[in-house]
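Everything below belongs to entry_22.tsv, which stores TSV, C-alpha atoms.
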```
chain	number	residue	atom	x	y	z
A	493	MET	CA	0.00	0.00	0.00
A	494	ALA	CA	1.43	3.33	-0.98
A	495	ILE	CA	1.84	5.67	1.96
A	496	THR	CA	0.97	9.09	0.64
A	497	GLY	CA	1.69	12.27	2.50
A	498	VAL	CA	4.87	11.06	4.19
A	499	THR	CA	6.95	13.68	2.41
A	500	ASP	CA	4.71	16.44	3.71
A	501	TYR	CA	4.81	14.83	7.12
A	502	THR	CA	8.62	14.81	7.13
A	503	ASN	CA	9.15	18.30	5.78
A	504	THR	CA	6.29	20.21	7.38
A	505	TYR	CA	4.91	18.36	10.37
A	506	ALA	CA	8.26	17.22	11.76
A	507	ALA	CA	9.29	20.83	12.17
A	508	ASP	CA	6.34	21.33	14.53
A	509	ARG	CA	6.96	18.26	16.68
A	510	THR	CA	7.74	18.73	20.33
A	511	ASN	CA	10.25	16.02	21.16
A	512	GLY	CA	11.57	18.12	23.99
A	513	SER	CA	10.99	21.34	22.11
A	514	SER	CA	12.82	24.47	23.22
A	515	GLY	CA	9.43	26.17	23.73
A	516	ALA	CA	8.42	23.81	26.54
A	517	SER	CA	8.82	24.74	30.16
A	518	GLY	CA	11.27	22.89	32.36
A	519	ASN	CA	8.41	21.49	34.42
A	520	MET	CA	6.74	20.14	31.30
A	521	GLN	CA	10.04	18.65	30.08
A	522	ASP	CA	10.57	16.86	33.38
A	523	TYR	CA	7.00	15.57	33.37
A	524	LEU	CA	7.29	14.32	29.79
A	525	LYS	CA	10.55	12.56	30.58
A	526	GLY	CA	8.93	10.87	33.56
A	527	LEU	CA	5.92	9.93	31.44
A	528	LYS	CA	8.08	8.16	28.88
A	529	GLU	CA	9.98	6.35	31.62
A	530	LYS	CA	6.71	5.29	33.24
A	531	TYR	CA	5.34	3.88	29.96
A	532	PRO	CA	8.41	2.58	28.07
A	533	ASP	CA	6.26	0.31	25.87
A	534	VAL	CA	4.29	3.25	24.45
A	535	ASN	CA	5.56	5.40	21.59
A	536	ILE	CA	4.75	8.88	22.90
A	537	THR	CA	5.04	11.76	20.44
A	538	VAL	CA	4.21	15.33	21.45
A	539	ALA	CA	2.73	17.07	18.43
A	540	ASP	CA	0.09	19.52	17.29
A	541	PHE	CA	-1.24	18.80	13.82
A	542	LYS	CA	-2.05	21.84	11.70
A	543	ASN	CA	-4.49	19.96	9.49
A	544	GLY	CA	-5.98	16.56	8.72
A	545	LYS	CA	-3.31	15.85	6.11
A	546	GLN	CA	-0.56	16.05	8.71
A	547	GLU	CA	-2.54	13.84	11.07
A	548	ASP	CA	-3.10	11.25	8.32
A	549	ALA	CA	0.58	11.32	7.44
A	550	TYR	CA	1.48	10.64	11.07
A	551	MET	CA	-0.85	7.64	11.21
A	552	LEU	CA	0.32	6.22	7.88
A	553	GLY	CA	3.93	6.65	8.89
A	554	SER	CA	3.56	4.99	12.30
A	555	ARG	CA	4.12	1.31	12.98
A	556	GLY	CA	3.16	-0.80	15.96
A	557	TYR	CA	-0.05	-0.75	17.99
A	558	ASN	CA	0.98	1.51	20.86
A	559	ASN	CA	1.37	4.98	19.34
A	560	VAL	CA	0.28	8.09	21.21
A	561	ALA	CA	0.37	11.58	19.70
A	562	ILE	CA	-0.43	14.18	22.32
A	563	SER	CA	-0.70	17.96	22.10
A	564	ALA	CA	1.96	20.01	23.87
A	565	SER	CA	-0.73	22.01	25.67
A	566	ILE	CA	-2.22	18.82	27.11
A	567	VAL	CA	1.18	17.65	28.32
A	568	GLU	CA	1.67	21.01	30.00
A	569	LYS	CA	-1.79	20.76	31.57
A	570	MET	CA	-1.00	17.27	32.84
A	571	SER	CA	2.20	18.54	34.42
A	572	LYS	CA	0.23	21.11	36.43
A	573	ASP	CA	-3.17	19.48	36.99
A	574	PRO	CA	-3.22	16.10	38.81
A	575	ALA	CA	-6.79	15.40	37.65
A	576	ALA	CA	-5.80	15.93	34.00
A	577	ALA	CA	-2.72	13.77	34.54
A	578	VAL	CA	-4.85	10.87	35.83
A	579	LYS	CA	-7.35	11.24	32.98
A	580	TYR	CA	-4.87	11.22	30.11
A	581	GLU	CA	-2.38	8.82	31.66
A	582	LYS	CA	-5.22	6.28	31.70
A	583	VAL	CA	-5.45	6.66	27.91
A	584	ILE	CA	-1.69	6.20	27.56
A	585	SER	CA	-1.69	3.23	29.92
A	586	ASP	CA	-4.35	1.47	27.85
A	587	MET	CA	-1.97	1.48	24.89
A	588	THR	CA	0.36	-0.93	26.71
A	589	GLY	CA	-2.20	-3.73	26.25
A	590	ASN	CA	-3.41	-2.66	22.84
A	591	ALA	CA	-1.46	-5.30	20.91
A	592	ASP	CA	-3.61	-8.21	22.10
A	593	ARG	CA	-6.83	-6.44	21.17
A	594	ILE	CA	-5.55	-5.43	17.73
A	595	GLU	CA	-4.19	-8.88	16.92
A	596	LYS	CA	-7.50	-10.46	17.92
A	597	PHE	CA	-9.38	-8.01	15.70
A	598	ALA	CA	-7.01	-8.65	12.79
A	599	LYS	CA	-7.41	-12.42	13.09
A	600	GLU	CA	-11.20	-12.26	13.24
A	601	ASN	CA	-11.38	-10.04	10.15
A	602	ASN	CA	-8.49	-11.57	8.20
A	603	ASP	CA	-6.78	-8.17	8.08
A	604	GLU	CA	-3.19	-7.03	8.31
A	605	ILE	CA	-2.88	-4.13	10.75
A	606	LEU	CA	0.05	-1.84	10.00
A	607	GLY	CA	-0.33	0.59	12.85
A	608	ALA	CA	-2.70	1.74	15.60
A	609	GLY	CA	-2.82	4.26	18.37
A	610	VAL	CA	-4.49	7.35	19.76
A	611	VAL	CA	-4.36	11.10	19.18
A	612	ILE	CA	-5.06	13.59	21.98
A	613	ASP	CA	-5.52	17.05	20.48
A	614	LYS	CA	-5.14	20.48	22.07
A	615	ASN	CA	-8.81	20.46	23.13
A	616	GLY	CA	-8.36	17.18	24.96
A	617	LYS	CA	-10.30	15.16	22.40
A	618	VAL	CA	-9.22	11.52	22.34
A	619	SER	CA	-9.37	9.80	18.93
A	620	TYR	CA	-8.36	6.17	18.37
A	621	TRP	CA	-7.11	5.10	14.95
A	622	MET	CA	-5.97	2.02	13.06
A	623	VAL	CA	-4.36	1.57	9.64
A	624	GLY	CA	-4.55	-1.79	7.89
A	625	ARG	CA	-5.51	-3.72	4.78
A	626	SER	CA	-7.42	-6.87	3.96
A	627	LYS	CA	-5.36	-10.00	3.35
A	628	ASP	CA	-7.97	-11.16	0.85
A	629	LYS	CA	-7.41	-8.08	-1.29
A	630	ILE	CA	-3.64	-8.41	-1.00
A	631	GLU	CA	-3.58	-12.03	-2.17
A	632	ASN	CA	-5.78	-11.63	-5.24
A	633	PRO	CA	-8.28	-8.77	-5.22
A	634	GLY	CA	-9.82	-9.53	-8.63
A	635	THR	CA	-10.42	-13.22	-7.96
A	636	VAL	CA	-11.75	-12.68	-4.45
A	637	TYR	CA	-14.18	-9.98	-5.59
A	638	LYS	CA	-15.37	-12.08	-8.52
A	639	GLN	CA	-15.95	-15.07	-6.26
A	640	LYS	CA	-17.97	-13.00	-3.81
A	641	VAL	CA	-20.16	-11.52	-6.56
A	642	GLN	CA	-20.68	-14.93	-8.18
A	643	LYS	CA	-21.68	-16.43	-4.84
A	644	GLN	CA	-24.23	-13.66	-4.27
A	645	ILE	CA	-25.73	-14.20	-7.73
A	646	GLU	CA	-26.02	-17.97	-7.20
A	647	GLU	CA	-27.66	-17.48	-3.81
A	648	LYS	CA	-30.22	-15.07	-5.29
A	649	ARG	CA	-31.00	-17.48	-8.14
A	650	ALA	CA	-31.45	-20.41	-5.76
A	651	LYS	CA	-33.72	-18.37	-3.49
A	652	LYS	CA	-35.84	-17.20	-6.42
A	653	LYS	CA	-36.16	-20.75	-7.75
A	654	GLU	CA	-37.22	-21.99	-4.33
A	655	GLU	CA	-39.83	-19.22	-4.00
A	656	GLU	CA	-41.25	-19.99	-7.46
A	657	ALA	CA	-41.50	-23.71	-6.68
A	658	LEU	CA	-43.29	-22.99	-3.40
A	659	LYS	CA	-45.68	-20.58	-5.12
A	660	LYS	CA	-46.50	-23.19	-7.80
A	661	LYS	CA	-47.10	-25.86	-5.18
A	662	ARG	CA	-49.48	-23.60	-3.24
A	663	LEU	CA	-51.37	-22.69	-6.40
A	664	GLU	CA	-51.82	-26.35	-7.39
A	665	LYS	CA	-53.01	-27.24	-3.92
A	666	ALA	CA	-55.48	-24.35	-3.92
A	667	GLU	CA	-56.90	-25.41	-7.31
A	668	THR	CA	-57.27	-29.04	-6.15
A	669	LEU	CA	-58.99	-27.99	-2.97
A	670	GLU	CA	-61.35	-25.69	-4.89
A	671	LYS	CA	-62.39	-28.56	-7.19
A	672	LEU	CA	-62.96	-30.88	-4.23
A	673	LEU	CA	-65.09	-28.29	-2.49
A	674	GLU	CA	-67.11	-27.74	-5.64
A	675	LYS	CA	-67.63	-31.47	-6.09
A	676	ALA	CA	-68.65	-31.91	-2.45
A	677	GLY	CA	-71.07	-29.00	-2.70
A	678	ASN	CA	-72.75	-30.42	-5.76
A	679	GLY	CA	-73.38	-33.74	-4.02
A	680	VAL	CA	-75.35	-32.30	-1.06
A	681	SER	CA	-78.99	-31.17	-1.21
A	682	GLU	CA	-79.91	-27.78	0.21
A	683	ASN	CA	-82.64	-29.46	2.32
A	684	GLU	CA	-80.26	-31.95	3.85
A	685	PRO	CA	-78.58	-31.11	7.15
A	686	ALA	CA	-74.94	-30.19	7.13
A	687	ALA	CA	-72.66	-33.19	7.39
A	688	ASP	CA	-68.95	-33.80	7.74
A	689	VAL	CA	-67.47	-34.95	4.45
A	690	LYS	CA	-64.01	-36.51	4.33
A	691	ILE	CA	-62.12	-36.00	1.12
A	692	LYS	CA	-58.81	-37.58	0.20
A	693	GLU	CA	-56.49	-35.28	-1.74
A	694	THR	CA	-55.24	-37.06	-4.86
A	695	GLY	CA	-51.68	-38.31	-4.60
A	696	LYS	CA	-51.18	-36.89	-1.08
A	697	GLY	CA	-52.69	-39.57	1.14
A	698	GLU	CA	-53.89	-36.71	3.34
A	699	GLN	CA	-57.38	-36.57	4.89
A	700	ILE	CA	-59.15	-33.20	4.87
A	701	ASP	CA	-62.26	-32.62	7.01
A	702	LEU	CA	-64.71	-30.25	5.37
A	703	SER	CA	-68.00	-29.01	6.79
A	704	VAL	CA	-70.57	-28.65	4.03
```
Can you dump the structure from the file as structure tokens?
Amino acid sequence: MAITGVTDYTNTYAADRTNGSSGASGNMQDYLKGLKEKYPDVNITVADFKNGKQEDAYMLGSRGYNNVAISASIVEKMSKDPAAAVKYEKVISDMTGNADRIEKFAKENNDEILGAGVVIDKNGKVSYWMVGRSKDKIENPGTVYKQKVQKQIEEKRAKKKEEEALKKKRLEKAETLEKLLEKAGNGVSENEPAADVKIKETGKGEQIDLSV
């Protein structure tokens, strides 16, 4: 799969990354360092995306299932506000066990997952993401698609044939029953009391009770 936008990501977005940026306060730098030491299995990147293209480029360029891109303003807030620290550290902590969930999802859907993670923007919005591709499409997209379409067509034909056969059977049964009723009605006088007449449906061996 071609990864578009990586050039823009490298040239434009990378210049805005805060991997210990000189604009960060010492307190924020210390907090960030401690955060990375606390969660060594999580790929923490401090960044503020200027647009969706930069964000997409980051996702397409990331590998692994434990990526976290977090706004510099949120990191600074976490360094000063214990409640914010607890809230967003929970999100980061969840990434440490993300591999098992992603691998299970990939296996169930026969997909190949290239990367996954979470983005926490400057407003504190948490967005989870995943980049992958179907193994079916990788192996032979044309054949797989053709097989799926052909299977759908065959299923529709079989269903239609079954419905038509059932409709024909019901119609024949209705016509037979109508004739039997007509015959039974002709054999009973209007002055005679109603009686139960048992009629055997031809070829069915089935007894039908009719009140005439």
Open item on the list: Applying 12 Å and only C-alpha atoms, which residues near Lys579 (chain A) remain after dropping the ones on its own chain fewer than 3 positions away? List them as a count of residues only.
Closed with: 17
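In this structure, CA of Trp621 (chain A) sits 19.6 Å away from CA of Ala564 (chain A).
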Open item on the list: I'd like the interatomic distance between CA of Asn590 (chain A) and CA of Leu606 (chain A), to a tenth of an Å.
Closed with: 13.3 Å
Task: Nearby residues (only C-alpha atoms) at most 6 Å from Val610 (chain A), same-chain spacing under 5 positions excluded, as a ChimeraX atom specification - done: /A:560,619-621
Task: Counting all atoms listed in the file, the option among A:Thr537, A:Leu673, A:Glu568, A:Asn559 closest to Gly589 (chain A) - done: A:Asn559
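For the residues A:Leu552, A:Val578, A:Ile605, A:Ala591, ranking by smallest atom-to-atom distance to Ser626 (chain A) using all atoms listed in the file places A:Ile605 first.
Distances from A:Glu581, A:Asp522, A:Glu547, A:Glu664 to Val534 (chain A) were compared using only C-alpha atoms, and the smallest one belongs to A:Glu581.
Taking CA of Val623 (chain A) as the reference point, CA of Met551 (chain A) is found at 7.2 Å.
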Open item on the list: Residues within 7 Å of (-4.4, 20.8, 20.7), file coordinates, counting all atoms listed in the file: what are they? Give the list as a VMD selection string.
Closed with: chain A and resid 540 563 565 613 to 616
Open item on the list: Please return as JSON, numbers by chain every residue within 9 Å of (-4.4, -8.0, 8.4), taking into account only C-alpha atoms and the file's own coordinates.
Closed with: {"A": [595, 597, 598, 599, 601, 602, 603, 604, 605, 606, 624, 625, 626, 627, 628]}
